[in-house]
Every structure is written in structure tokens, then in C-alpha cells.
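**Student:** Below is one structure. I have some questions about it.
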Amino acid sequence: LLGGPLFTRRYAAMRASLEACDRLIAPSEFVRDVLVGEGVERSKFEVISPATELPSAPSAPPLPGAVPRFVYAGDIRRSKGAALLLEALEWVESPCEVVLHGGPHAPPSPRELEFEAELKALSKGQAVRFAGRYAPGALAAVLDGALAAVVPSLVRESFGRTANEALLAGVPVLVPNEGGLAEQVEEGVNGWPFEPRSAGSPAQAMGRSIPDGSAMSPPNIQAGTLERPGAPRF
């Protein structure tokens, strides 16, 4: 409540700035529609996805006969949904494993120690591995051999860079069917959407991606261009 006046002034300043612009760029249709809902003219907007550097090579596909591996890559904080993924793993009937790549988010934000302990507890008795942080630009290598990347965010993301980078590396993604993440996924072609904040729903998406045990055909990356990937053999 004490921050109410501050946020009111901030909101008013943001609205004034938006109204003063002749053209606006939104990273997703979701962001555009939210701002249009706040009264900003739709005709002002261009929706342009943030620039993402193409990987030098696509991620390697899963090895034949390997246990299906799902990868989470991102900050280890509650809002990003890693706990939801581990809860979903309990519902998946087919053998599979989850690898968590990431660590605490950057200072000055404090570590979520209670949440980290919760993840450790959820991982007990399950095929879960904590792999730590990965270097910037190394996501394609992190996803080598992965069946899919899972981005189980509990908030409505404005875009979803991790999902975008995974797709550019030729790896299917499983994402909530809301916000900017949902705009990047075509069901059964480059991944599977699921109902947000419900462990049973991502479990179903994981189960649907497992039967064939193979990822999507790698993209054709030549001279800085990316052709649309072929359909995964789900």
C-alpha cells in the first residue's frame, strides 16, 4: 500500500510517454494487446520480435534409444516455474529425465534459498540433475541430445528469449499457452503448449513428445538466414 502513490505516478508517466510516440514497437502481440487494453491506439504498434543471435550449428538430436531428456534453462527462482516442471515429472508415465541448467538470478535480487531447497526436495527419488549455470551463447550446446526445452514460467512472459533460442537451435519447446511464449509454438510442429500453472498439463505435453523419442528436424542455417524447421516426429 505504501508504494501505491509511487506506482500511480509511474503508470501516469508511462501512459504519457506512450501517447507522445508516433510509432511503438512491441516484442509480441501479447504486449501490444495489453497496452491496447490500457487505451493505447492499436494503429501505433509494430510487433517485432527481439533480435536473437543464430547458433553456429543446431543442437544435436537425441541419440537412438537414449532416455528422453527435458531441459530447463534459466534463473532458479519461483516465478520461472522450475518447481512446476519437477512436479509434472511425477505425472509422466514414460521413463524420462529432467536437467536444470541455471542458478540464482543476478544481484541485487536476493537468492530464493527457500525455493532452492524446495527444488532439491522435489528432485529426490526422481531422474533430475542440477547442471548449474551455462555460459552466454551456449544454450544450443546445453540442448544437445535434449528431446525438448521446457519453459514453464508462472508469469505471462512478454516474449520468451530462451524458448526462441531453443527453436533456433532446432529443439522443440513446451510452453504455457499464454503471453508471448504461446505465440512462438505451433502445436505438434515445433513443440507443445500447455495450460499454465498446472502440473498435469505440462506432464501431458511431455508425454505427447516422448513416444517417438526424436526431436524436430534441424533448421537450415546458411549465411545468417534461418529456414522454417521441419515438423518433429512426435
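Following the order of the C-alpha cells, first chain is A, next is B, and so on, with residues numbered from 1 inside each chain and ligands from 1 in the order they appear.
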I'd like the contact shell of Val34 (chain A) - 12 Å cut-off, only C-alpha atoms, skipping same-chain residues fewer than 5 positions apart - returned as number ranges by chain.
**Tutor:** A: 26-29, 39-42, 45, 156-158, 179-180
**Student:** Which residues in region 76-159 of chain A does DSSP call alpha helix (DSSP H)? List them as a list in words.
**Tutor:**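 Those in region 76-159 of chain A that DSSP calls alpha helix (DSSP H) are Ala82, Ala83, Leu84, Leu85, Leu86, Glu87, Ala88, Leu89, Leu113, Glu114, Phe115, Glu116, Ala117, Glu118, Leu119, Lys120, Ala121, Leu122, Ser123, Leu139, Ala140, Ala141 and Val142 of chain A.
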**Student:** Residues as selected, C-alpha atoms, written as a tab-separated table (two decimals), in the first residue's frame, can you do that?
**Tutor:**
```tsv
chain	number	residue	atom	x	y	z
A	82	ALA	CA	11.14	-24.97	-12.34
A	83	ALA	CA	9.15	-26.47	-9.44
A	84	LEU	CA	6.16	-26.95	-11.74
A	85	LEU	CA	8.36	-28.95	-14.11
A	86	LEU	CA	9.57	-31.25	-11.33
A	87	GLU	CA	6.00	-31.72	-10.12
A	88	ALA	CA	4.97	-32.56	-13.70
A	89	LEU	CA	7.73	-35.17	-13.93
A	113	LEU	CA	17.04	-20.03	-0.76
A	114	GLU	CA	13.73	-21.46	0.39
A	115	PHE	CA	12.76	-22.14	-3.22
A	116	GLU	CA	16.12	-23.74	-3.99
A	117	ALA	CA	15.61	-26.08	-1.03
A	118	GLU	CA	12.11	-26.86	-2.32
A	119	LEU	CA	13.55	-27.87	-5.70
A	120	LYS	CA	16.07	-30.16	-4.03
A	121	ALA	CA	13.25	-31.81	-2.08
A	122	LEU	CA	11.12	-32.24	-5.20
A	123	SER	CA	14.04	-33.84	-7.04
A	139	LEU	CA	22.27	-22.79	-24.98
A	140	ALA	CA	22.47	-24.74	-28.25
A	141	ALA	CA	25.24	-26.88	-26.76
A	142	VAL	CA	23.32	-27.26	-23.50
```
**Student:** Extract, using only C-alpha atoms, all DNA, RNA and protein residues at most 12 Å from region 13-24 of chain A, discarding same-chain residues fewer than 6 positions from it, and format them as a count of residues only.
**Tutor:** 17
**Student:** Restricting the calculation to only C-alpha atoms: of A:Pro55, A:Gly37, A:Pro108, A:Pro95, which residue gets closest to Val128 (chain A)?
**Tutor:**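 Checking each candidate against Val128 (chain A), we get A:Pro95 as the closest.
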**Student:** Check region 58-181 of chain A with DSSP on the backbone and list each residue it calls strand (DSSP E), as JSON, numbers by chain.
**Tutor:** {"A": [69, 70, 71, 72, 73, 97, 98, 99, 100, 101, 128, 129, 130, 131, 132, 148, 149, 150, 173, 174, 175, 176]}
**Student:** Quick one: write out the picked residues with N, CA and C atoms as a short mmCIF file (atom, residue, chain, number, x, y, z; two decimals), in the first residue's frame?
**Tutor:**
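Below is the file that was written, again-v1.cif:
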```cif
data_model
loop_
_atom_site.label_atom_id
_atom_site.label_comp_id
_atom_site.auth_asym_id
_atom_site.auth_seq_id
_atom_site.Cartn_x
_atom_site.Cartn_y
_atom_site.Cartn_z
N ARG A 69 15.25 -36.70 -22.62
CA ARG A 69 15.73 -35.68 -21.67
C ARG A 69 15.05 -34.35 -21.95
N PHE A 70 14.47 -33.78 -20.92
CA PHE A 70 13.87 -32.46 -20.99
C PHE A 70 14.78 -31.48 -20.25
N VAL A 71 14.96 -30.30 -20.81
CA VAL A 71 15.89 -29.33 -20.25
C VAL A 71 15.15 -28.06 -19.83
N TYR A 72 15.44 -27.61 -18.62
CA TYR A 72 15.04 -26.29 -18.14
C TYR A 72 16.29 -25.43 -18.14
N ALA A 73 16.24 -24.26 -18.73
CA ALA A 73 17.39 -23.36 -18.77
C ALA A 73 16.93 -21.96 -18.37
N GLU A 97 14.07 -37.99 -18.11
CA GLU A 97 14.84 -37.25 -17.11
C GLU A 97 14.73 -35.76 -17.37
N VAL A 98 14.99 -34.98 -16.32
CA VAL A 98 14.97 -33.53 -16.40
C VAL A 98 16.33 -33.01 -15.95
N VAL A 99 16.89 -32.10 -16.72
CA VAL A 99 18.13 -31.44 -16.35
C VAL A 99 17.85 -29.95 -16.18
N LEU A 100 18.22 -29.42 -15.03
CA LEU A 100 18.03 -28.00 -14.74
C LEU A 100 19.35 -27.27 -14.95
N HIS A 101 19.39 -26.39 -15.93
CA HIS A 101 20.56 -25.55 -16.18
C HIS A 101 20.24 -24.13 -15.73
N VAL A 128 16.34 -36.34 -11.91
CA VAL A 128 16.57 -34.90 -12.03
C VAL A 128 18.04 -34.62 -11.77
N ARG A 129 18.62 -33.75 -12.61
CA ARG A 129 20.02 -33.37 -12.42
C ARG A 129 20.14 -31.86 -12.45
N PHE A 130 20.89 -31.30 -11.50
CA PHE A 130 21.15 -29.87 -11.44
C PHE A 130 22.51 -29.62 -12.09
N ALA A 131 22.51 -28.92 -13.22
CA ALA A 131 23.73 -28.75 -14.00
C ALA A 131 24.39 -27.39 -13.82
N GLY A 132 23.79 -26.48 -13.06
CA GLY A 132 24.38 -25.16 -12.84
C GLY A 132 24.22 -24.24 -14.04
N ALA A 148 13.37 -31.94 -25.71
CA ALA A 148 12.67 -30.65 -25.75
C ALA A 148 13.19 -29.76 -24.64
N ALA A 149 13.03 -28.46 -24.84
CA ALA A 149 13.25 -27.48 -23.77
C ALA A 149 11.90 -27.13 -23.18
N VAL A 150 11.84 -27.04 -21.87
CA VAL A 150 10.59 -26.70 -21.19
C VAL A 150 10.75 -25.33 -20.55
N VAL A 173 9.97 -26.87 -28.08
CA VAL A 173 9.77 -26.27 -26.77
C VAL A 173 8.37 -26.57 -26.26
N LEU A 174 8.26 -26.71 -24.96
CA LEU A 174 6.98 -26.88 -24.28
C LEU A 174 6.76 -25.63 -23.44
N VAL A 175 5.66 -24.91 -23.69
CA VAL A 175 5.45 -23.61 -23.05
C VAL A 175 4.00 -23.44 -22.63
N PRO A 176 3.74 -22.57 -21.65
CA PRO A 176 2.36 -22.25 -21.30
C PRO A 176 1.66 -21.57 -22.48
#
```
**Student:** When distances are computed from only C-alpha atoms, which of A:Ser49, A:Ser209, A:Ser79, A:Ser94 shows the smallest separation from Gly160 (chain A)?
**Tutor:**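 Under the stated criterion, the closest residue is A:Ser49.
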**Student:** Could you tell me how far CA of Arg133 (chain A) lies from CA of Pro58 (chain A), in Å and to one decimal?
**Tutor:**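 Those two atoms sit 20.2 Å apart.
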**Student:** Would you list the contacts of Gly74 (chain A) as a list of chain:residue names, taking every protein, DNA or RNA residue within 8 Å and counting only C-alpha atoms, but skipping same-chain residues closer than 3 positions in sequence?
**Tutor:**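 Listed by chain and then number, they are A:Lys80, A:His101, A:Gly102, A:Gly103, A:Thr162.
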**Student:** Calculate how many Å separate CA of Phe159 (chain A) from CA of Arg77 (chain A), rounding to one decimal.
**Tutor:** 18.1 Å
**Student:** Could you check which of A:Ala182, A:Ala163, A:Leu154, A:Ile25 is closest to Ser198 (chain A), using only C-alpha atoms?
**Tutor:**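 So, comparing all the options, the nearest one is A:Leu154.
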**Student:** Please provide as an MDAnalysis selection string all residues within 6 Å of Asn177 (chain A), with the sequence filter that same-chain residues fewer than 2 positions apart are discarded (counting only C-alpha atoms).
**Tutor:** chainID A and resid 182 193:195
**Student:** Give the answer as one residue: which of A:Leu181, A:Pro196, A:Pro68, A:Arg9 has the shortest atom-to-atom distance to Pro211 (chain A), using only C-alpha atoms?
**Tutor:** A:Pro68
**Student:** Tell me which of A:Pro62, A:Gly191, A:Gly4, A:Pro50 sits closest to Gly145 (chain A), counting only C-alpha atoms.
**Tutor:** A:Pro62
